[in-house]
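Visitor: Enclosed is the structure file coords_15.pdb (PDB, C-alpha atoms, pLDDT in the B column).
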ATOM      1  CA  GLN Q   1      16.503  -6.135 -61.204  1.00 90.00           C
ATOM      2  CA  VAL Q   2      19.146  -8.835 -61.269  1.00 94.00           C
ATOM      3  CA  GLN Q   3      18.033 -12.405 -61.902  1.00 96.00           C
ATOM      4  CA  LEU Q   4      19.931 -15.653 -62.234  1.00 97.00           C
ATOM      5  CA  VAL Q   5      17.664 -18.501 -63.302  1.00 97.00           C
ATOM      6  CA  GLU Q   6      18.929 -22.078 -63.306  1.00 97.00           C
ATOM      7  CA  SER Q   7      17.446 -24.924 -65.295  1.00 97.00           C
ATOM      8  CA  GLY Q   8      18.316 -28.426 -66.425  1.00 98.00           C
ATOM      9  CA  GLY Q   9      18.286 -30.356 -63.167  1.00 97.00           C
ATOM     10  CA  GLY Q  10      16.526 -33.665 -62.727  1.00 97.00           C
ATOM     11  CA  LEU Q  11      16.837 -37.347 -61.939  1.00 98.00           C
ATOM     12  CA  VAL Q  12      19.547 -39.326 -63.726  1.00 98.00           C
ATOM     13  CA  GLN Q  13      21.073 -42.764 -63.302  1.00 98.00           C
ATOM     14  CA  PRO Q  14      24.696 -43.186 -62.230  1.00 98.00           C
ATOM     15  CA  GLY Q  15      26.963 -42.731 -65.231  1.00 98.00           C
ATOM     16  CA  GLY Q  16      24.498 -40.428 -66.923  1.00 98.00           C
ATOM     17  CA  SER Q  17      24.782 -36.796 -67.958  1.00 98.00           C
ATOM     18  CA  LEU Q  18      22.987 -33.532 -67.360  1.00 98.00           C
ATOM     19  CA  ARG Q  19      23.539 -29.998 -68.589  1.00 98.00           C
ATOM     20  CA  LEU Q  20      22.649 -27.153 -66.278  1.00 98.00           C
ATOM     21  CA  SER Q  21      22.013 -23.634 -67.562  1.00 98.00           C
ATOM     22  CA  CYS Q  22      21.930 -20.318 -65.747  1.00 98.00           C
ATOM     23  CA  ALA Q  23      20.424 -17.362 -67.582  1.00 98.00           C
ATOM     24  CA  ALA Q  24      21.372 -13.951 -66.225  1.00 97.00           C
ATOM     25  CA  SER Q  25      19.594 -10.632 -66.595  1.00 95.00           C
ATOM     26  CA  GLY Q  26      20.105  -7.182 -65.122  1.00 93.00           C
ATOM     27  CA  ILE Q  27      23.918  -7.390 -65.100  1.00 92.00           C
ATOM     28  CA  ILE Q  28      26.731  -6.813 -67.590  1.00 94.00           C
ATOM     29  CA  PHE Q  29      27.231 -10.546 -67.805  1.00 95.00           C
ATOM     30  CA  ARG Q  30      30.549 -10.542 -69.646  1.00 96.00           C
ATOM     31  CA  LEU Q  31      32.215  -8.743 -66.716  1.00 95.00           C
ATOM     32  CA  TYR Q  32      31.134 -11.279 -64.120  1.00 97.00           C
ATOM     33  CA  ARG Q  33      32.963 -14.270 -62.769  1.00 98.00           C
ATOM     34  CA  MET Q  34      30.387 -17.042 -62.849  1.00 98.00           C
ATOM     35  CA  GLU Q  35      30.371 -20.010 -60.513  1.00 98.00           C
ATOM     36  CA  TRP Q  36      28.414 -23.168 -59.819  1.00 98.00           C
ATOM     37  CA  TYR Q  37      27.992 -24.270 -56.229  1.00 98.00           C
ATOM     38  CA  ARG Q  38      26.160 -27.250 -54.811  1.00 98.00           C
ATOM     39  CA  GLN Q  39      24.701 -28.163 -51.455  1.00 98.00           C
ATOM     40  CA  ALA Q  40      23.821 -31.686 -50.434  1.00 97.00           C
ATOM     41  CA  PRO Q  41      21.484 -32.399 -47.486  1.00 92.00           C
ATOM     42  CA  GLY Q  42      23.280 -31.857 -44.200  1.00 94.00           C
ATOM     43  CA  LYS Q  43      26.400 -30.483 -45.873  1.00 96.00           C
ATOM     44  CA  GLU Q  44      27.849 -27.055 -46.472  1.00 97.00           C
ATOM     45  CA  ARG Q  45      27.552 -25.348 -49.834  1.00 97.00           C
ATOM     46  CA  GLU Q  46      30.661 -26.049 -51.915  1.00 98.00           C
ATOM     47  CA  LEU Q  47      32.186 -24.493 -55.006  1.00 98.00           C
ATOM     48  CA  VAL Q  48      32.049 -26.880 -57.949  1.00 98.00           C
ATOM     49  CA  ALA Q  49      33.369 -24.849 -60.884  1.00 98.00           C
ATOM     50  CA  SER Q  50      34.087 -21.286 -61.897  1.00 98.00           C
ATOM     51  CA  ILE Q  51      34.742 -19.369 -65.081  1.00 98.00           C
ATOM     52  CA  ALA Q  52      36.320 -15.936 -65.127  1.00 97.00           C
ATOM     53  CA  SER Q  53      35.286 -13.136 -67.451  1.00 95.00           C
ATOM     54  CA  ALA Q  54      38.323 -13.995 -69.565  1.00 94.00           C
ATOM     55  CA  GLY Q  55      37.210 -17.617 -69.752  1.00 95.00           C
ATOM     56  CA  ILE Q  56      39.690 -19.223 -67.363  1.00 98.00           C
ATOM     57  CA  THR Q  57      38.099 -22.185 -65.613  1.00 98.00           C
ATOM     58  CA  GLU Q  58      38.667 -23.929 -62.285  1.00 98.00           C
ATOM     59  CA  TYR Q  59      37.149 -27.072 -60.821  1.00 98.00           C
ATOM     60  CA  ALA Q  60      36.802 -28.836 -57.525  1.00 98.00           C
ATOM     61  CA  GLY Q  61      38.895 -31.964 -57.400  1.00 97.00           C
ATOM     62  CA  SER Q  62      35.823 -34.168 -57.014  1.00 97.00           C
ATOM     63  CA  VAL Q  63      34.431 -33.118 -60.413  1.00 98.00           C
ATOM     64  CA  LYS Q  64      37.567 -32.468 -62.446  1.00 98.00           C
ATOM     65  CA  GLY Q  65      37.492 -34.449 -65.672  1.00 98.00           C
ATOM     66  CA  ARG Q  66      33.737 -35.057 -65.427  1.00 98.00           C
ATOM     67  CA  PHE Q  67      32.207 -31.548 -65.336  1.00 98.00           C
ATOM     68  CA  THR Q  68      32.774 -28.690 -67.781  1.00 98.00           C
ATOM     69  CA  ILE Q  69      31.790 -25.073 -67.173  1.00 98.00           C
ATOM     70  CA  SER Q  70      31.322 -22.732 -70.119  1.00 98.00           C
ATOM     71  CA  ARG Q  71      29.727 -19.401 -70.878  1.00 98.00           C
ATOM     72  CA  ASP Q  72      27.989 -17.673 -73.773  1.00 97.00           C
ATOM     73  CA  ASN Q  73      28.293 -13.926 -73.281  1.00 97.00           C
ATOM     74  CA  GLY Q  74      25.982 -13.284 -76.222  1.00 96.00           C
ATOM     75  CA  GLU Q  75      23.234 -15.261 -74.489  1.00 97.00           C
ATOM     76  CA  ASN Q  76      24.133 -14.131 -70.936  1.00 97.00           C
ATOM     77  CA  THR Q  77      24.226 -17.772 -69.932  1.00 98.00           C
ATOM     78  CA  VAL Q  78      26.623 -20.039 -68.075  1.00 98.00           C
ATOM     79  CA  TYR Q  79      26.483 -23.809 -68.430  1.00 98.00           C
ATOM     80  CA  LEU Q  80      27.620 -26.807 -66.436  1.00 98.00           C
ATOM     81  CA  GLN Q  81      27.963 -30.019 -68.431  1.00 98.00           C
ATOM     82  CA  MET Q  82      28.017 -32.934 -66.008  1.00 98.00           C
ATOM     83  CA  ASN Q  83      29.121 -36.352 -67.258  1.00 98.00           C
ATOM     84  CA  ASN Q  84      29.634 -39.694 -65.541  1.00 98.00           C
ATOM     85  CA  LEU Q  85      27.427 -38.584 -62.681  1.00 98.00           C
ATOM     86  CA  LYS Q  86      27.729 -40.325 -59.332  1.00 98.00           C
ATOM     87  CA  PRO Q  87      25.287 -40.609 -56.419  1.00 97.00           C
ATOM     88  CA  GLU Q  88      27.528 -38.264 -54.427  1.00 97.00           C
ATOM     89  CA  ASP Q  89      26.824 -35.543 -56.995  1.00 98.00           C
ATOM     90  CA  THR Q  90      23.251 -35.387 -55.708  1.00 98.00           C
ATOM     91  CA  ALA Q  91      22.619 -31.846 -54.471  1.00 98.00           C
ATOM     92  CA  VAL Q  92      20.918 -28.562 -55.191  1.00 98.00           C
ATOM     93  CA  TYR Q  93      23.084 -26.708 -57.696  1.00 98.00           C
ATOM     94  CA  TYR Q  94      23.282 -22.934 -57.513  1.00 98.00           C
ATOM     95  CA  CYS Q  95      24.529 -20.371 -59.989  1.00 98.00           C
ATOM     96  CA  HIS Q  96      26.518 -17.456 -58.555  1.00 98.00           C
ATOM     97  CA  GLY Q  97      27.723 -14.286 -60.227  1.00 97.00           C
ATOM     98  CA  ARG Q  98      30.462 -12.133 -58.779  1.00 95.00           C
ATOM     99  CA  PHE Q  99      31.757  -8.716 -59.864  1.00 93.00           C
ATOM    100  CA  VAL Q 100      30.603  -5.418 -58.448  1.00 83.00           C
ATOM    101  CA  GLY Q 101      27.639  -7.242 -56.966  1.00 82.00           C
ATOM    102  CA  ASP Q 102      27.179 -10.746 -55.677  1.00 91.00           C
ATOM    103  CA  TYR Q 103      24.128 -12.668 -56.911  1.00 97.00           C
ATOM    104  CA  TRP Q 104      22.635 -16.136 -56.472  1.00 97.00           C
ATOM    105  CA  GLY Q 105      20.105 -18.153 -58.402  1.00 97.00           C
ATOM    106  CA  GLN Q 106      17.304 -20.106 -56.743  1.00 97.00           C
ATOM    107  CA  GLY Q 107      18.912 -23.503 -57.323  1.00 97.00           C
ATOM    108  CA  THR Q 108      18.059 -26.612 -59.302  1.00 98.00           C
ATOM    109  CA  GLN Q 109      17.894 -30.136 -57.892  1.00 98.00           C
ATOM    110  CA  VAL Q 110      20.141 -32.841 -59.314  1.00 98.00           C
ATOM    111  CA  THR Q 111      19.491 -36.390 -58.135  1.00 98.00           C
ATOM    112  CA  VAL Q 112      21.712 -39.273 -59.200  1.00 98.00           C
ATOM    113  CA  SER Q 113      20.122 -42.590 -58.357  1.00 97.00           C
ATOM    114  CA  SER Q 114      19.308 -45.949 -59.880  1.00 95.00           C
TER     115      SER Q 114
END
Have the structure of the file written as structure tokens, please.
Guide:
Amino acid sequence: QVQLVESGGGLVQPGGSLRLSCAASGIIFRLYRMEWYRQAPGKERELVASIASAGITEYAGSVKGRFTISRDNGENTVYLQMNNLKPEDTAVYYCHGRFVGDYWGQGTQVTVSS
């Protein structure tokens, strides 16, 4: 059974940092392209960052320079380091794995507010 389990969300003040983690099981993790999406209330789900199996990364323009995606294939985990957070980063963040299959985590809430 495939599982993607996110953790690390929470409430943070503007300018603060959070690190999200997504632990995968049931897949050959190193073969998967891993992505972080987010969905704010009333908005469509959007791609935030991705990391290919070879380690190449891509970012949405709104987070470039503030967020960093990384992966640890030994731990079957993908991370999203989020710095200089802004209120507009408030959303549910989802982990997504793509290769032969297509899998989603349950999401973790990130709230940026003073």
Visitor: I'd like the residues picked by the PyMOL selection byres ((chain Q and resi 114) around 7) written out as a list in words, using the chain letters and numbers from the file.
Guide: Gln13, Pro14 and Ser113 of chain Q
Visitor: Expressed in Å to a single decimal, how great is the separation between atom CA of Gly9 of chain Q and atom CA of Val100 of chain Q?
Guide: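 Those two atoms sit 28.2 Å apart.
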Visitor: Please write the residues picked by the PyMOL selection byres ((chain Q and resi 80-94) around 7) on this file as JSON, numbers by chain.
Guide: {"Q": [14, 15, 16, 17, 18, 19, 20, 21, 36, 37, 38, 39, 40, 66, 67, 68, 69, 70, 79, 95, 96, 104, 105, 106, 107, 108, 109, 110, 111, 112, 113]}
Visitor: Atom CA of Gly61 of chain Q to atom CA of Val12 of chain Q: how many Å, to one decimal?
Guide: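 Atom CA of Gly61 of chain Q sits 21.6 Å away from atom CA of Val12 of chain Q.
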Visitor: Please write as a list in words the full residue list that the PyMOL selection byres ((chain Q and resi 2) around 12) yields on this file.
Guide: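 That selection, the PyMOL selection byres ((chain Q and resi 2) around 12), comes back as Gln1, Gln3, Leu4, Val5, Ala23, Ala24, Ser25, Gly26, Ile27, Ile28, Phe29, His96, Gly97, Gly101, Asp102, Tyr103, Trp104 and Gly105 of chain Q.
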Visitor: With distances taken over only C-alpha atoms, which of Q:Thr57, Q:Leu11, Q:Cys22, Q:Tyr32 is nearest to Glu75 of chain Q?
Guide: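 When distances to Glu75 of chain Q are compared using only C-alpha atoms, the smallest one comes from Q:Cys22.
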Visitor: May I ask which of the residues Q:Asn73, Q:Ser50, Q:Gly10, Q:Tyr59 is the closest one to Met34 of chain Q, counting all atoms listed in the file?
Guide: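 Once distances to Met34 of chain Q are computed over all atoms listed in the file, the minimum belongs to Q:Ser50.
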Visitor: Find the residues near Lys64 of chain Q: any atom within 10 Å, counting all atoms listed in the file, skip ones fewer than 6 places away on the same chain, and give them as a VMD selection string.
Guide: chain Q and resid 48 to 49 58
Visitor: Which distance in Å separates atom CA of Gly42 of chain Q and atom CA of Glu6 of chain Q, to one decimal?
Guide: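 Separation between atom CA of Gly42 of chain Q and atom CA of Glu6 of chain Q: 21.9 Å.
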